[in-house]
Each structure stands twice: as structure tokens, then as C-alpha cells.
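The structure appears right after this line, and notes come after that.
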Amino acid sequence: MDEELKNLIKVWVSAIISISYCYYLPPRIKSGVPRFLSVSPVLALFLVLPLFFSSLHLSLITAFFLTWLANFKLILFSFDKGPLIPIPTNLPRFFCFTCFPIKVQQNPKSQNHLPKLVFAIKVAIFGVLLHLYGYRQNLSPTVLLGLYFVHLYLEIEIILTFVKVLVFICLGCDLEPQFNKPYLATSLQDFWGRRWNLMVPAILRPAVYAPMRRVSERKMSSGWALFPGILAAFIVSGLVHELLFFYMIREMPTGEVTLFFVLHGVCTAVELAVKKKTTVTQRWRLSPAVSRLLTVGFVFVTGGWLFTPQLKRSGVMERFTYEAVLFVEFVKQKLFTLLAIKIVTS
């Protein structure tokens with residue numbers, strides 16, 4: 001644990017220095033390829049930093065904030081696009097805007113307070129999940145897979161909530177919500193575009209979808225050009241997830257994760273094509289309940305088929321949950337220690 005904390009400090013000090021460089025020097029360089037070349041050493045460094053950890057959680061969190069969010073935002077920044085344009089007014093804001101899913105325009109007075117009850121319920125459910133892992137041998141593979149998906153969703157929500165509070169206190173900025181009740185999605189377009197991991201489509205639209213659509217419009221009509229853009233965005237998302245998996249399992253990619261996203265990209269494109277046929281949608285309109293069941297069921301089944309097998313084969317899922325249990329026990333121990341000290345000294 002102590003060694004990991006030292007690595008954590010080294011990694012994030014390196015990130016602060018690198019992003020400080022990006023704040024002061026590249027903006028003075030012409031946008032486009034020259035500016036991209038000026039930030040490319042930082043992009044390369046952020047690809048390496050998650051490898052400094054042996055902890056799955058620290059490696060994955062660092063990869064999400066630096067390798068995924070920061071790198072894509074800096075690439076867009078090189079071409080005067082994305083959430084870093086216009087450039088934030090000071091270095092702390094630039095750092096937070098680069099690494100975290102933060103709204104560019106804030107009005108802190110209008111922000112809703114954290115729904116404490118909802119957050120408390122999520123934390124309680126997360127605690128129940130960790131307890132259920134002690135009975136893993138008595139659970140069916142399907143139930144266990146469902147627990148893993150819920151665990152991933154809740155853990156990301158909890159981590160980002162703490163980051164949200166910290167950033168809001170320090171800078172008055174608000175984090176973009178990463179999830180919008182994905183279990184209520186009525187279509188794949190709704191699930192991937194408006195409910196699940198919302199920072200990803202927000203970055204992939206200007207970085208991949210829009211350029212690919214403009215190129216495709218030279219060969220086909222504007223209505224059909226959106227389909228190559230959708231497929232390109234899903235393929236890039238798949239490749240990024242392969243990289244995230246590599247940080248966790250340190251094994252060469254198998255292509256299963258990319259295939260998962262290609263499959264969902266094709267299905268989303270077909271779904272949009274069907275929606276364009278108004279007569280079809282009017283004749284075969286499903287109730288919201290059925291649509292939600294089919295959508296979430298399709299994501300669950302295909303996820304179990306293509307997304308999680310590599311993680312299960314490598315034993316990462318067990319290590320991931322074991323680390324979470326250890327961390328919770330560590331926090332409880334520290335809290336009890338602080339409480340005991342307070343009682344003794346009072």
C-alpha cells in the first residue's frame with residue numbers, strides 16, 4: 001500500500017507538470033499539426049503512467065483520467081476544438097478541465113445540491129455487493145456477471161461523486177454526470193448516446209464522428225454519412241477499451257472488446273436506419289418497458305459474450321473485487337481508529 005501511494009504521488013506530480021507545460025507553451029504555437037507535435041510527448045507519457053501501478057483500481061482510474069480523457073482533450077485542443085477551447089482562465093482550471101469530466105460553462109449558484117439520499121443508497125448497495133462476494137462460490141455465473149456490471153457502475157459513480165465534491169469546493173466547477181440511469185435506456189442509441197459514460201460520446205463526437213462524417217459526405221448523402229461516423233466512433237472506443245484492459249491484465253489484446261463495440265456500432269446504425277423508416281417505426285412501436293428490457297438485455301448478453309471473458313480468464317474480476325473489499329476494510333479501520341482517538345482525547 002505504501003509503495004502504491006508513493007507511485008500515486010509520482011504519477012500525479014508528473015501529470016501536473018505535464019499539463020502545466022500544455023497550458024503555458026502549446027497555446028503560443030499555431031493550432032493544427034505544429035501544436036499537436038508540441039503536446040505529443042505529453043500524450044506519450046500519459047500512455048505510460050498507468051503502468052506504474054500494480055493496483056487495478058489505481059491503474060484503471062489513472063488510465064481513465066489521463067490516458068483517456070486528458071489525451072483526447074489535448075488532441076482536440078491541438079486543433080482548437082473540444083472542451084479546452086476557449087482556454088480556461090488559470091492553470092488549476094486548465095488542469096481540472098483536462099483530466100476530469102467538467103462543464104466548460106458553470107453557474108455554481110444554479111447547480112443542484114448533491115442528492116445525498118440517492119448517493120447513500122448507492123453506497124449501501126455497493127456495500128451489500130461486496131458482502132455478497134464472500135458467497136461467490138454459491139452464486140451462478142450469470143448472477144455473478146450481473147453483480148460485476150452493477151459493481152462497475154456503482155464504483156465509478158461513487159468515485160466521481162467524491163471527485164465532483166472536491167473539484168466543486170476548490171474551483172466552483174461541476175462535473176458532467178457520467179451516467180443518466182442507463183437501466184432505463186429504451187434503445188442502443190439512447191444507452192450509448194445519452195445514458196452510459198456520457199463523457200465518451202461528448203469527446204468522440206468532435207474527435208472521431210464529426211471528421212469521419214465530413215469525409216463520408218464527399219462520397220454519399222448527408223443522411224447516410226452518419227453511419228460511417230457511428231462505426232468509426234465505436235471502433236475507436238473499442239480500441240481504447242482494449243488499451244484499458246491491457247493496463248489491468250498486462251496481456252496482449254484478444255480483439256473481443258473491439259468486436260463488442262463493433263457489434264454495438266453496427267446494431268446502433270441499423271437501429272437508426274430503421275428509425276428513418278417512419279412507417280416501420282409506427283407499425284412496430286414497442287412499449288417503453290419492453291424496449292428497456294430488450295436494450296438492457298442485449299447489452300448484458302453481448303457483454304457477457306464479448307466484454308468480460310478476457311477479464312474472467314485472467315482473474316481480473318476477482319482481483320478487482322478483492323481490492324475493493326480490502327480498501328473498504330482499510331477505510332473502516334482508519335475511521336474506527338480516528339473515532340477511538342477522539343473518544344480518548346475528549
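Residue numbering restarts at 1 in every chain; chains get A, B, ... in the order shown in the C-alpha cells, and ligands count up from 1 in that same order.
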As a list in words, please: the residues near segment 84-94 of chain A (cut-off 9 Å, only C-alpha atoms, same-chain neighbours under 6 positions excluded).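 Using only C-alpha atoms, the neighbours found are Ile19, Ser20, Tyr23, Tyr24, Pro27, Lys73, Leu74, Leu76, Phe77, Val104, Leu171 and Cys173 of chain A.
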Residue set, segment 23-134 of chain A restricted to alpha helix (DSSP H), as a PyMOL selection string: chain A and resi 23-24+33-48+56-62+71-78+91-99+116-132
Compile the contact shell of Val208 of chain A as a list of chain:residue names: residues with an atom at most 7 Å away, counting only C-alpha atoms, same-chain residues fewer than 3 positions apart removed.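 Result of the neighbour search: A:Leu204, A:Arg205, A:Pro211, A:Met212, A:Ala232, A:Ala233.
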